[in-house]
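Text of entry_6.pdb, listed as PDB, C-alpha atoms (C1' of nucleotides):
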MODEL        1
ATOM      1  CA  MET A 226       0.000   0.000   0.000
ATOM      2  CA  SER A 227       0.904   3.651  -0.228
ATOM      3  CA  ARG A 228       2.415   2.770  -3.555
ATOM      4  CA  CYS A 229       1.046   5.714  -5.423
ATOM      5  CA  PRO A 230      -2.684   4.830  -5.335
ATOM      6  CA  HIS A 231      -3.994   8.058  -6.834
ATOM      7  CA  THR A 232      -0.599   9.610  -7.547
ATOM      8  CA  HIS A 233      -0.944  12.318  -4.951
ATOM      9  CA  ALA A 234       1.539  14.715  -6.577
ATOM     10  CA  SER A 235       4.452  13.264  -4.573
ATOM     11  CA  ALA A 236       4.538   9.897  -2.933
ATOM     12  CA  ARG A 237       8.277  10.088  -3.445
ATOM     13  CA  THR A 238      10.495   9.311  -0.513
ATOM     14  CA  TYR A 239      14.122  10.015   0.278
ATOM     15  CA  GLY A 240      16.923   8.429   2.250
ATOM     16  CA  ILE A 241      19.053  10.380   4.639
ATOM     17  CA  ALA A 242      22.139  10.169   2.464
ATOM     18  CA  GLU A 243      20.177  11.452  -0.496
ATOM     19  CA  LEU A 244      18.960  14.549   1.332
ATOM     20  CA  ALA A 245      22.338  15.127   2.942
ATOM     21  CA  GLN A 246      23.942  15.166  -0.477
ATOM     22  CA  GLU A 247      21.308  17.303  -2.155
ATOM     23  CA  PHE A 248      21.510  20.057   0.454
ATOM     24  CA  GLU A 249      25.152  19.627   1.339
ATOM     25  CA  ILE A 250      24.580  19.032   5.019
ATOM     26  CA  THR A 251      25.590  16.136   7.252
ATOM     27  CA  HIS A 252      23.481  13.207   8.393
ATOM     28  CA  ARG A 253      23.932  14.468  11.927
ATOM     29  CA  THR A 254      22.376  17.767  11.020
ATOM     30  CA  ILE A 255      19.333  16.096   9.546
ATOM     31  CA  ARG A 256      18.865  13.923  12.600
ATOM     32  CA  PHE A 257      19.366  16.959  14.784
ATOM     33  CA  TYR A 258      16.484  18.718  13.063
ATOM     34  CA  GLU A 259      14.390  15.649  13.731
ATOM     35  CA  GLU A 260      15.341  15.727  17.420
ATOM     36  CA  GLN A 261      14.070  19.289  17.436
ATOM     37  CA  GLY A 262      10.781  18.118  16.020
ATOM     38  CA  MET A 263      11.145  19.753  12.638
ATOM     39  CA  LEU A 264      11.262  16.580  10.566
ATOM     40  CA  CYS A 265       9.125  13.482  11.016
ATOM     41  CA  PRO A 266      10.471  10.688   8.825
ATOM     42  CA  GLN A 267       8.744   7.342   8.846
ATOM     43  CA  ARG A 268      10.709   4.288   9.795
ATOM     44  CA  ARG A 269      11.381   1.083   7.980
ATOM     45  CA  GLY A 270      12.957  -0.818  10.842
ATOM     46  CA  GLN A 271      15.731   1.499  11.966
ATOM     47  CA  GLU A 272      15.948   3.319   8.705
ATOM     48  CA  ARG A 273      14.470   6.759   8.237
ATOM     49  CA  ILE A 274      12.259   7.348   5.238
ATOM     50  CA  TYR A 275      11.712  11.000   4.432
ATOM     51  CA  SER A 276       8.609  12.221   2.643
ATOM     52  CA  SER A 277       8.512  15.197   0.326
ATOM     53  CA  LYS A 278       6.917  17.091   3.174
ATOM     54  CA  ASP A 279      10.087  16.519   5.146
ATOM     55  CA  ARG A 280      12.050  17.704   2.170
ATOM     56  CA  VAL A 281      10.038  20.912   1.999
ATOM     57  CA  ALA A 282      10.592  21.442   5.710
ATOM     58  CA  LEU A 283      14.324  21.090   5.128
ATOM     59  CA  ILE A 284      14.188  23.704   2.393
ATOM     60  CA  LEU A 285      12.384  26.072   4.736
ATOM     61  CA  ILE A 286      14.896  25.470   7.499
ATOM     62  CA  LEU A 287      17.896  26.089   5.303
ATOM     63  CA  ARG A 288      16.408  29.186   3.754
ATOM     64  CA  GLY A 289      15.503  30.484   7.182
ATOM     65  CA  LYS A 290      19.003  29.878   8.421
ATOM     66  CA  ARG A 291      20.560  31.734   5.518
ATOM     67  CA  ILE A 292      18.800  34.895   6.583
ATOM     68  CA  GLY A 293      19.647  34.434  10.202
ATOM     69  CA  PHE A 294      16.526  32.830  11.622
ATOM     70  CA  SER A 295      17.033  30.611  14.630
ATOM     71  CA  LEU A 296      15.864  27.031  14.418
ATOM     72  CA  ALA A 297      12.982  27.923  16.709
ATOM     73  CA  GLU A 298      11.904  30.569  14.219
ATOM     74  CA  CYS A 299      12.311  28.163  11.335
ATOM     75  CA  LYS A 300      10.091  25.746  13.182
ATOM     76  CA  GLU A 301       7.396  28.377  13.385
ATOM     77  CA  LEU A 302       7.684  28.925   9.660
ATOM     78  CA  ILE A 303       7.167  25.238   9.040
ATOM     79  CA  GLU A 304       4.087  25.270  11.215
ATOM     80  CA  LEU A 305       2.742  28.208   9.228
ATOM     81  CA  TYR A 306       3.308  26.266   6.059
ATOM     82  CA  ASP A 307       1.640  23.209   7.474
ATOM     83  CA  PRO A 308      -2.087  22.961   6.788
ATOM     84  CA  HIS A 309      -3.452  22.030  10.195
ATOM     85  CA  GLY A 310      -6.729  23.877  10.456
ATOM     86  CA  GLY A 311      -6.996  24.954  14.029
ATOM     87  CA  ASN A 312      -9.581  27.009  15.794
ATOM     88  CA  GLN A 313     -10.230  30.695  15.497
ATOM     89  CA  VAL A 314      -7.815  31.694  18.254
ATOM     90  CA  GLN A 315      -4.996  29.663  16.755
ATOM     91  CA  LEU A 316      -5.643  31.065  13.307
ATOM     92  CA  ASN A 317      -5.531  34.615  14.610
ATOM     93  CA  SER A 318      -2.313  33.938  16.434
ATOM     94  CA  MET A 319      -0.882  32.560  13.203
ATOM     95  CA  LEU A 320      -1.915  35.698  11.367
ATOM     96  CA  GLN A 321      -0.179  37.715  14.068
ATOM     97  CA  LYS A 322       3.004  35.701  13.637
ATOM     98  CA  ILE A 323       2.855  36.137   9.907
ATOM     99  CA  TYR A 324       2.558  39.867  10.416
ATOM    100  CA  GLU A 325       5.581  39.942  12.703
ATOM    101  CA  ARG A 326       7.663  37.901  10.298
ATOM    102  CA  ARG A 327       6.775  40.291   7.536
ATOM    103  CA  LEU A 328       7.975  43.242   9.587
ATOM    104  CA  GLN A 329      11.196  41.417  10.309
ATOM    105  CA  LEU A 330      11.737  40.642   6.641
ATOM    106  CA  GLU A 331      11.184  44.278   5.744
ATOM    107  CA  GLN A 332      13.755  45.366   8.293
ATOM    108  CA  GLN A 333      16.149  42.831   6.838
ATOM    109  CA  LEU A 334      15.594  44.185   3.355
ATOM    110  CA  LEU A 335      16.517  47.631   4.632
ATOM    111  CA  ASP A 336      19.571  46.257   6.358
ATOM    112  CA  ILE A 337      20.694  44.466   3.250
ATOM    113  CA  THR A 338      20.326  47.396   0.867
ATOM    114  CA  GLN A 339      22.089  49.618   3.385
ATOM    115  CA  MET A 340      24.886  47.132   3.629
ATOM    116  CA  GLN A 341      25.125  46.923  -0.139
ATOM    117  CA  LEU A 342      25.656  50.662  -0.251
ATOM    118  CA  GLU A 343      28.408  50.392   2.288
ATOM    119  CA  LEU A 344      30.072  47.621   0.332
ATOM    120  CA  ASP A 345      29.963  49.894  -2.705
ATOM    121  CA  ALA A 346      31.679  52.618  -0.733
ATOM    122  CA  ALA A 347      34.251  50.223   0.655
ATOM    123  CA  GLU A 348      34.959  48.981  -2.840
ATOM    124  CA  GLN A 349      35.501  52.528  -4.025
ATOM    125  CA  ARG A 350      37.979  53.140  -1.244
ATOM    126  CA  CYS A 351      39.856  49.993  -2.161
ATOM    127  CA  LEU A 352      39.974  50.840  -5.838
ATOM    128  CA  ALA A 353      41.102  54.373  -5.081
ATOM    129  CA  ALA A 354      43.884  53.082  -2.846
ATOM    130  CA  LEU A 355      44.997  50.639  -5.537
ATOM    131  CA  ASP A 356      44.954  53.479  -8.044
ATOM    132  CA  LYS A 357      47.330  55.460  -5.905
ATOM    133  CA  ILE A 358      49.755  52.553  -5.738
ATOM    134  CA  ASP A 359      50.329  52.460  -9.485
TER     135      ASP A 359
ATOM    136  CA  MET B 267      43.526  69.252  23.739
ATOM    137  CA  SER B 268      41.157  67.240  21.569
ATOM    138  CA  ARG B 269      38.533  69.699  22.644
ATOM    139  CA  CYS B 270      37.145  70.335  19.211
ATOM    140  CA  PRO B 271      40.090  72.222  17.704
ATOM    141  CA  HIS B 272      38.812  72.319  14.139
ATOM    142  CA  THR B 273      35.445  70.765  14.867
ATOM    143  CA  HIS B 274      36.190  67.501  13.108
ATOM    144  CA  ALA B 275      32.583  66.578  12.384
ATOM    145  CA  SER B 276      32.274  64.533  15.587
ATOM    146  CA  ALA B 277      34.440  64.824  18.658
ATOM    147  CA  ARG B 278      31.397  63.611  20.549
ATOM    148  CA  THR B 279      31.841  60.818  23.004
ATOM    149  CA  TYR B 280      29.450  58.398  24.666
ATOM    150  CA  GLY B 281      29.162  56.552  27.918
ATOM    151  CA  ILE B 282      28.352  52.883  28.062
ATOM    152  CA  ALA B 283      24.912  53.482  29.542
ATOM    153  CA  GLU B 284      24.104  55.929  26.783
ATOM    154  CA  LEU B 285      24.947  53.498  24.005
ATOM    155  CA  ALA B 286      23.253  50.636  25.809
ATOM    156  CA  GLN B 287      20.064  52.631  26.002
ATOM    157  CA  GLU B 288      20.173  53.950  22.462
ATOM    158  CA  PHE B 289      20.580  50.510  20.930
ATOM    159  CA  GLU B 290      18.664  48.567  23.535
ATOM    160  CA  ILE B 291      21.479  46.226  24.406
ATOM    161  CA  THR B 292      23.129  45.489  27.734
ATOM    162  CA  HIS B 293      26.402  46.846  29.080
ATOM    163  CA  ARG B 294      27.675  43.317  29.067
ATOM    164  CA  THR B 295      27.069  43.059  25.351
ATOM    165  CA  ILE B 296      29.003  46.234  24.668
ATOM    166  CA  ARG B 297      31.930  45.104  26.773
ATOM    167  CA  PHE B 298      31.790  41.735  25.060
ATOM    168  CA  TYR B 299      32.155  43.355  21.669
ATOM    169  CA  GLU B 300      35.195  45.143  23.022
ATOM    170  CA  GLU B 301      36.664  41.850  24.253
ATOM    171  CA  GLN B 302      36.265  40.620  20.686
ATOM    172  CA  GLY B 303      38.203  43.614  19.417
ATOM    173  CA  MET B 304      35.305  45.286  17.667
ATOM    174  CA  LEU B 305      35.196  48.390  19.829
ATOM    175  CA  CYS B 306      38.151  50.373  21.172
ATOM    176  CA  PRO B 307      36.920  52.871  23.747
ATOM    177  CA  GLN B 308      39.401  55.170  25.443
ATOM    178  CA  ARG B 309      39.636  55.120  29.196
ATOM    179  CA  ARG B 310      39.224  57.812  31.793
ATOM    180  CA  GLY B 311      40.528  55.897  34.752
ATOM    181  CA  GLN B 312      38.432  52.772  34.706
ATOM    182  CA  GLU B 313      35.605  54.282  32.758
ATOM    183  CA  ARG B 314      35.110  53.626  29.069
ATOM    184  CA  ILE B 315      34.693  56.544  26.728
ATOM    185  CA  TYR B 316      33.291  55.628  23.329
ATOM    186  CA  SER B 317      33.984  57.668  20.198
ATOM    187  CA  SER B 318      31.583  58.103  17.327
ATOM    188  CA  LYS B 319      33.710  55.606  15.457
ATOM    189  CA  ASP B 320      32.817  53.084  18.120
ATOM    190  CA  ARG B 321      29.205  54.036  17.701
ATOM    191  CA  VAL B 322      29.377  53.416  13.962
ATOM    192  CA  ALA B 323      30.978  50.069  14.618
ATOM    193  CA  LEU B 324      28.093  49.196  16.917
ATOM    194  CA  ILE B 325      25.615  50.109  14.217
ATOM    195  CA  LEU B 326      27.420  47.863  11.770
ATOM    196  CA  ILE B 327      27.486  45.004  14.255
ATOM    197  CA  LEU B 328      23.795  45.229  15.056
ATOM    198  CA  ARG B 329      22.800  45.511  11.436
ATOM    199  CA  GLY B 330      24.990  42.566  10.572
ATOM    200  CA  LYS B 331      23.450  40.521  13.324
ATOM    201  CA  ARG B 332      19.930  41.270  12.174
ATOM    202  CA  ILE B 333      20.639  39.582   8.873
ATOM    203  CA  GLY B 334      22.357  36.647  10.462
ATOM    204  CA  PHE B 335      26.026  37.544  10.246
ATOM    205  CA  SER B 336      28.259  36.092  12.909
ATOM    206  CA  LEU B 337      30.299  38.483  15.012
ATOM    207  CA  ALA B 338      33.377  37.376  13.126
ATOM    208  CA  GLU B 339      31.700  38.424   9.894
ATOM    209  CA  CYS B 340      30.582  41.692  11.429
ATOM    210  CA  LYS B 341      34.161  42.321  12.440
ATOM    211  CA  GLU B 342      35.224  41.921   8.844
ATOM    212  CA  LEU B 343      32.602  44.432   7.811
ATOM    213  CA  ILE B 344      33.986  46.924  10.296
ATOM    214  CA  GLU B 345      37.453  46.397   8.927
ATOM    215  CA  LEU B 346      36.173  47.017   5.419
ATOM    216  CA  TYR B 347      34.622  50.214   6.619
ATOM    217  CA  ASP B 348      37.817  51.220   8.347
ATOM    218  CA  PRO B 349      40.220  53.277   6.249
ATOM    219  CA  HIS B 350      43.528  51.513   6.874
ATOM    220  CA  GLY B 351      45.349  51.670   3.590
ATOM    221  CA  GLY B 352      47.217  48.431   3.278
ATOM    222  CA  ASN B 353      49.301  47.028   0.490
ATOM    223  CA  GLN B 354      48.192  45.718  -2.857
ATOM    224  CA  VAL B 355      47.686  42.159  -1.692
ATOM    225  CA  GLN B 356      45.560  43.244   1.253
ATOM    226  CA  LEU B 357      43.484  45.532  -0.910
ATOM    227  CA  ASN B 358      42.810  42.761  -3.375
ATOM    228  CA  SER B 359      41.804  40.414  -0.607
ATOM    229  CA  MET B 360      39.440  43.088   0.668
ATOM    230  CA  LEU B 361      37.909  43.416  -2.780
ATOM    231  CA  GLN B 362      37.475  39.667  -2.820
ATOM    232  CA  LYS B 363      35.688  39.742   0.518
ATOM    233  CA  ILE B 364      33.452  42.534  -0.661
ATOM    234  CA  TYR B 365      32.571  40.461  -3.688
ATOM    235  CA  GLU B 366      31.692  37.461  -1.560
ATOM    236  CA  ARG B 367      29.563  39.540   0.802
ATOM    237  CA  ARG B 368      27.700  40.916  -2.175
ATOM    238  CA  LEU B 369      26.904  37.439  -3.412
ATOM    239  CA  GLN B 370      25.678  36.484   0.036
ATOM    240  CA  LEU B 371      23.472  39.561   0.232
ATOM    241  CA  GLU B 372      21.954  38.755  -3.137
ATOM    242  CA  GLN B 373      21.153  35.238  -2.000
ATOM    243  CA  GLN B 374      19.559  36.680   1.103
ATOM    244  CA  LEU B 375      17.424  39.002  -0.974
ATOM    245  CA  LEU B 376      16.188  36.005  -2.941
ATOM    246  CA  ASP B 377      15.503  34.101   0.258
ATOM    247  CA  ILE B 378      13.575  36.978   1.723
ATOM    248  CA  THR B 379      11.350  37.601  -1.274
ATOM    249  CA  GLN B 380      10.694  33.879  -1.493
ATOM    250  CA  MET B 381       9.772  33.809   2.157
ATOM    251  CA  GLN B 382       7.499  36.784   1.696
ATOM    252  CA  LEU B 383       5.624  34.878  -0.968
ATOM    253  CA  GLU B 384       5.230  31.969   1.364
ATOM    254  CA  LEU B 385       3.954  34.206   4.114
ATOM    255  CA  ASP B 386       1.401  35.549   1.642
ATOM    256  CA  ALA B 387       0.269  32.021   0.887
ATOM    257  CA  ALA B 388       0.137  31.100   4.565
ATOM    258  CA  GLU B 389      -1.940  34.185   5.252
ATOM    259  CA  GLN B 390      -4.361  33.200   2.512
ATOM    260  CA  ARG B 391      -4.766  29.773   4.040
ATOM    261  CA  CYS B 392      -5.442  31.297   7.434
ATOM    262  CA  LEU B 393      -7.976  33.733   6.084
ATOM    263  CA  ALA B 394      -9.710  31.011   4.095
ATOM    264  CA  ALA B 395      -9.917  28.819   7.186
ATOM    265  CA  LEU B 396     -11.347  31.690   9.210
ATOM    266  CA  ASP B 397     -13.827  32.306   6.437
ATOM    267  CA  LYS B 398     -15.049  28.756   6.674
ATOM    268  CA  ILE B 399     -15.616  29.095  10.421
ATOM    269  CA  ASP B 400     -18.149  31.884  10.053
TER     270      ASP B 400
ATOM    271  C1'  DC C 116      29.145  59.733  56.796
ATOM    272  C1'  DA C 117      26.184  56.591  54.540
ATOM    273  C1'  DT C 118      23.409  55.597  50.773
ATOM    274  C1'  DT C 119      22.460  55.359  46.005
ATOM    275  C1'  DA C 120      23.704  54.974  41.385
ATOM    276  C1'  DC C 121      26.730  53.771  38.035
ATOM    277  C1'  DC C 122      30.912  51.927  36.711
ATOM    278  C1'  DT C 123      34.434  48.135  36.845
ATOM    279  C1'  DT C 124      36.699  43.132  36.764
ATOM    280  C1'  DT C 125      36.757  38.138  37.205
ATOM    281  C1'  DA C 126      34.664  34.035  36.577
ATOM    282  C1'  DC C 127      31.536  30.605  35.788
ATOM    283  C1'  DG C 128      27.029  29.274  33.299
ATOM    284  C1'  DT C 129      24.217  28.369  29.260
ATOM    285  C1'  DA C 130      21.462  27.732  24.949
ATOM    286  C1'  DA C 131      22.010  26.918  20.117
ATOM    287  C1'  DA C 132      23.698  24.282  16.445
ATOM    288  C1'  DG C 133      25.829  21.058  15.332
ATOM    289  C1'  DG C 134      30.859  17.899  15.043
ATOM    290  C1'  DT C 135      32.984  13.657  16.003
ATOM    291  C1'  DA C 136      33.901   9.209  17.780
ATOM    292  C1'  DA C 137      32.681   4.496  19.107
ATOM    293  C1'  DA C 138      30.136   0.717  18.521
ATOM    294  C1'  DC C 139      26.510  -1.707  16.568
ATOM    295  C1'  DC C 140      22.941  -3.616  12.876
ATOM    296  C1'  DT C 141      21.766  -5.520   8.366
ATOM    297  C1'  DC C 142      21.381  -6.057   3.592
ATOM    298  C1'  DG C 143      23.178  -7.497  -0.749
ATOM    299  C1'  DC C 144      26.357 -10.233  -2.959
ATOM    300  C1'  DA C 145      30.879 -12.406  -4.480
TER     301       DA C 145
ATOM    302  C1'  DT D 154      29.897 -16.883   4.785
ATOM    303  C1'  DG D 155      31.953 -13.112   5.420
ATOM    304  C1'  DC D 156      32.584  -8.464   4.369
ATOM    305  C1'  DG D 157      31.847  -3.879   3.063
ATOM    306  C1'  DA D 158      28.538  -0.022   2.249
ATOM    307  C1'  DG D 159      25.433   2.370   4.338
ATOM    308  C1'  DG D 160      22.445   2.751   8.043
ATOM    309  C1'  DT D 161      21.727   3.393  13.250
ATOM    310  C1'  DT D 162      22.299   5.057  18.352
ATOM    311  C1'  DT D 163      24.645   7.024  22.308
ATOM    312  C1'  DA D 164      27.449  10.177  24.186
ATOM    313  C1'  DC D 165      30.648  13.568  24.788
ATOM    314  C1'  DC D 166      33.011  17.923  22.609
ATOM    315  C1'  DT D 167      33.016  22.649  20.618
ATOM    316  C1'  DT D 168      32.010  27.326  19.285
ATOM    317  C1'  DT D 169      29.257  31.424  19.573
ATOM    318  C1'  DA D 170      27.212  35.064  21.982
ATOM    319  C1'  DC D 171      26.279  36.557  25.539
ATOM    320  C1'  DG D 172      23.823  36.093  30.907
ATOM    321  C1'  DT D 173      24.595  36.254  35.618
ATOM    322  C1'  DA D 174      26.475  36.541  39.961
ATOM    323  C1'  DA D 175      30.231  38.140  43.140
ATOM    324  C1'  DA D 176      32.881  41.679  44.739
ATOM    325  C1'  DG D 177      34.365  46.015  44.676
ATOM    326  C1'  DG D 178      35.825  51.340  42.937
ATOM    327  C1'  DT D 179      33.883  56.290  42.443
ATOM    328  C1'  DA D 180      31.061  60.267  42.690
ATOM    329  C1'  DA D 181      27.073  62.848  43.888
ATOM    330  C1'  DT D 182      23.533  63.453  47.239
ATOM    331  C1'  DG D 183      21.012  63.889  51.685
TER     332       DG D 183
ENDMDL
END

Rewritten as structure tokens:
Amino acid sequence: MSRCPHTHASARTYGIAELAQEFEITHRTIRFYEEQGMLCPQRRGQERIYSSKDRVALILILRGKRIGFSLAECKELIELYDPHGGNQVQLNSMLQKIYERRLQLEQQLLDITQMQLELDAAEQRCLAALDKID
Amino acid sequence: MSRCPHTHASARTYGIAELAQEFEITHRTIRFYEEQGMLCPQRRGQERIYSSKDRVALILILRGKRIGFSLAECKELIELYDPHGGNQVQLNSMLQKIYERRLQLEQQLLDITQMQLELDAAEQRCLAALDKID
DNA sequence: CATTACCTTTACGTAAAGGTAAACCTCGCA
DNA sequence: TGCGAGGTTTACCTTTACGTAAAGGTAATG
């Protein structure tokens, strides 16, 4: 069973080595994320079998990390992504979190463009100094 | 001396409490950054006197941190900002670092816009679920 | 003079995010 | 059948970025 009954877009599964290679991270890292409750692979005996949902979670984690989110924050992102209904209170709290994340992202955009400007200036100083050397 | 002889744009100085309040960080944090060689306050007896250069460094550190740079990376940014001449080899290595930072910032921009899209989608799901409740 | 407020140092603690090592299972196959 | 490739767990180690006492100097204030 579960062998692609109605081809639900992605019944594909992945081994740990496969994911580790694709995303250039270690096995330990992947298991660590599981310890933290961010991945939920099935088991075949001892072996972990990752679903494409796990793979998506990994993508979210790694993207979050690249822009400086903590794992706890990445976990929240995954929960936002997850379709798990919830009652009215929960939904409103999710909307609140989404709002806060958006503010944070906007601040980060400002920080990044500001930093780009400063890199430009630093580059100019370098080039000018090199110019003087000749 | 040093009492504003030719009003060099900013002979202003700052106390630790002042900076801590302005940037909403603790004294400990500021002293820690000094331990790491990122701030170089003068001393009046035991007391630390911060220059506006120190203040700029703090700004760079905090901005760097907001987008997930490590303190080591922030330190590099400060050094890029710092005008300290250097020979041809050093200048070229600085240019290389600037180039790498730029690439990283571009990746971060991609990550952020992607994440914004996902927040949009998550918000839609929340709103749709709330809609169903009514 | 004593208190209060702010500064200092030294030193140990800690959470986050994994790295690394040791030792074991187990499957396929030559 | 035996061995290697790839999987597993447990458990301790490390780095980063500070937090948190403990213990005391200094300066104004009542």

Determine, for each residue of chain A having at least one atom at most 9 Å from an atom of chain C, the closest pair of atoms and their separation in Å to one decimal, counting all atoms listed in the file; order by chain and ascending number, as JSON lines.
{"residue": "A:Arg253", "atom": "CA", "partner": "C:DG133", "partner_atom": "C1'", "distance": 7.7}
{"residue": "A:Thr254", "atom": "CA", "partner": "C:DG133", "partner_atom": "C1'", "distance": 6.4}
{"residue": "A:Phe257", "atom": "CA", "partner": "C:DG133", "partner_atom": "C1'", "distance": 7.7}
{"residue": "A:Gln271", "atom": "CA", "partner": "C:DC140", "partner_atom": "C1'", "distance": 8.9}
{"residue": "A:Ser295", "atom": "CA", "partner": "C:DA131", "partner_atom": "C1'", "distance": 8.3}
{"residue": "A:Leu296", "atom": "CA", "partner": "C:DA131", "partner_atom": "C1'", "distance": 8.4}

Pull C-alpha atoms from the residues just selected and write them as a PDB file, keeping the file's coordinate frame.
ATOM      1  CA  ARG A 253      23.932  14.468  11.927  1.00  0.00           C
ATOM      2  CA  THR A 254      22.376  17.767  11.020  1.00  0.00           C
ATOM      3  CA  PHE A 257      19.366  16.959  14.784  1.00  0.00           C
ATOM      4  CA  GLN A 271      15.731   1.499  11.966  1.00  0.00           C
ATOM      5  CA  SER A 295      17.033  30.611  14.630  1.00  0.00           C
ATOM      6  CA  LEU A 296      15.864  27.031  14.418  1.00  0.00           C
TER       7      LEU A 296
END

Which residues fall under the PyMOL selection byres ((chain B and resi 362-368) around 8) in this file, as number ranges by chain? A: 341, 344, 347-348; B: 358-361, 369-372

Would you translate the PyMOL selection byres ((chain D) within 9 of (chain B)) into the concrete set of residues it matches in this file, as a PyMOL selection string? chain D and resi 169-172+178

If you apply the PyMOL selection byres ((chain A) within 9 of (chain B)) to this file, what residues do you get, as a ChimeraX atom specification? /A:285,288-294,302,305-308,310-313,316-317,319-320,323-324,326-327,329-334,336-338,340-341,343-348,350-352,354-355,358

Output file for the selection above: C-alpha atoms, as a compact mmCIF listing (two decimals), in the coordinates of the input:
# COMPACT_ATOMS: atom_id res chain seq x y z
CA LEU A 285 12.38 26.07 4.74
CA ARG A 288 16.41 29.19 3.75
CA GLY A 289 15.50 30.48 7.18
CA LYS A 290 19.00 29.88 8.42
CA ARG A 291 20.56 31.73 5.52
CA ILE A 292 18.80 34.90 6.58
CA GLY A 293 19.65 34.43 10.20
CA PHE A 294 16.53 32.83 11.62
CA LEU A 302 7.68 28.92 9.66
CA LEU A 305 2.74 28.21 9.23
CA TYR A 306 3.31 26.27 6.06
CA ASP A 307 1.64 23.21 7.47
CA PRO A 308 -2.09 22.96 6.79
CA GLY A 310 -6.73 23.88 10.46
CA GLY A 311 -7.00 24.95 14.03
CA ASN A 312 -9.58 27.01 15.79
CA GLN A 313 -10.23 30.70 15.50
CA LEU A 316 -5.64 31.06 13.31
CA ASN A 317 -5.53 34.62 14.61
CA MET A 319 -0.88 32.56 13.20
CA LEU A 320 -1.92 35.70 11.37
CA ILE A 323 2.86 36.14 9.91
CA TYR A 324 2.56 39.87 10.42
CA ARG A 326 7.66 37.90 10.30
CA ARG A 327 6.78 40.29 7.54
CA GLN A 329 11.20 41.42 10.31
CA LEU A 330 11.74 40.64 6.64
CA GLU A 331 11.18 44.28 5.74
CA GLN A 332 13.76 45.37 8.29
CA GLN A 333 16.15 42.83 6.84
CA LEU A 334 15.59 44.18 3.36
CA ASP A 336 19.57 46.26 6.36
CA ILE A 337 20.69 44.47 3.25
CA THR A 338 20.33 47.40 0.87
CA MET A 340 24.89 47.13 3.63
CA GLN A 341 25.12 46.92 -0.14
CA GLU A 343 28.41 50.39 2.29
CA LEU A 344 30.07 47.62 0.33
CA ASP A 345 29.96 49.89 -2.70
CA ALA A 346 31.68 52.62 -0.73
CA ALA A 347 34.25 50.22 0.66
CA GLU A 348 34.96 48.98 -2.84
CA ARG A 350 37.98 53.14 -1.24
CA CYS A 351 39.86 49.99 -2.16
CA LEU A 352 39.97 50.84 -5.84
CA ALA A 354 43.88 53.08 -2.85
CA LEU A 355 45.00 50.64 -5.54
CA ILE A 358 49.76 52.55 -5.74

If you measure from CA of Ile315 (chain B) to CA of Glu288 (chain B), what distance in Å do you get, rounded to one decimal?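 Computed distance, CA of Ile315 (chain B) to CA of Glu288 (chain B), equals 15.4 Å.
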
Can region 238-249 of chain A be brought up to N, CA and C atoms and written out as a PDB file, in the coordinates of the input?
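Saved result, rebuild.pdb, follows:
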ATOM      1  N   THR A 238       9.814   9.280  -1.800  1.00  0.00           N
ATOM      2  CA  THR A 238      10.495   9.311  -0.513  1.00  0.00           C
ATOM      3  C   THR A 238      11.995   9.450  -0.735  1.00  0.00           C
ATOM      4  N   TYR A 239      12.696   9.738   0.363  1.00  0.00           N
ATOM      5  CA  TYR A 239      14.122  10.015   0.278  1.00  0.00           C
ATOM      6  C   TYR A 239      14.847   9.340   1.433  1.00  0.00           C
ATOM      7  N   GLY A 240      16.069   8.926   1.177  1.00  0.00           N
ATOM      8  CA  GLY A 240      16.923   8.429   2.250  1.00  0.00           C
ATOM      9  C   GLY A 240      17.723   9.568   2.832  1.00  0.00           C
ATOM     10  N   ILE A 241      18.323   9.307   3.969  1.00  0.00           N
ATOM     11  CA  ILE A 241      19.053  10.380   4.639  1.00  0.00           C
ATOM     12  C   ILE A 241      20.270  10.807   3.815  1.00  0.00           C
ATOM     13  N   ALA A 242      20.937   9.854   3.231  1.00  0.00           N
ATOM     14  CA  ALA A 242      22.139  10.169   2.464  1.00  0.00           C
ATOM     15  C   ALA A 242      21.790  11.048   1.265  1.00  0.00           C
ATOM     16  N   GLU A 243      20.654  10.725   0.679  1.00  0.00           N
ATOM     17  CA  GLU A 243      20.177  11.452  -0.496  1.00  0.00           C
ATOM     18  C   GLU A 243      19.959  12.935  -0.170  1.00  0.00           C
ATOM     19  N   LEU A 244      19.235  13.166   0.926  1.00  0.00           N
ATOM     20  CA  LEU A 244      18.960  14.549   1.332  1.00  0.00           C
ATOM     21  C   LEU A 244      20.251  15.257   1.751  1.00  0.00           C
ATOM     22  N   ALA A 245      21.082  14.532   2.485  1.00  0.00           N
ATOM     23  CA  ALA A 245      22.338  15.127   2.942  1.00  0.00           C
ATOM     24  C   ALA A 245      23.153  15.605   1.755  1.00  0.00           C
ATOM     25  N   GLN A 246      23.159  14.798   0.700  1.00  0.00           N
ATOM     26  CA  GLN A 246      23.942  15.166  -0.477  1.00  0.00           C
ATOM     27  C   GLN A 246      23.302  16.344  -1.206  1.00  0.00           C
ATOM     28  N   GLU A 247      21.990  16.249  -1.399  1.00  0.00           N
ATOM     29  CA  GLU A 247      21.308  17.303  -2.155  1.00  0.00           C
ATOM     30  C   GLU A 247      21.530  18.673  -1.527  1.00  0.00           C
ATOM     31  N   PHE A 248      21.441  18.749  -0.202  1.00  0.00           N
ATOM     32  CA  PHE A 248      21.510  20.057   0.454  1.00  0.00           C
ATOM     33  C   PHE A 248      22.878  20.353   1.064  1.00  0.00           C
ATOM     34  N   GLU A 249      23.802  19.445   0.826  1.00  0.00           N
ATOM     35  CA  GLU A 249      25.152  19.627   1.339  1.00  0.00           C
ATOM     36  C   GLU A 249      25.181  19.861   2.842  1.00  0.00           C
TER      37      GLU A 249
END
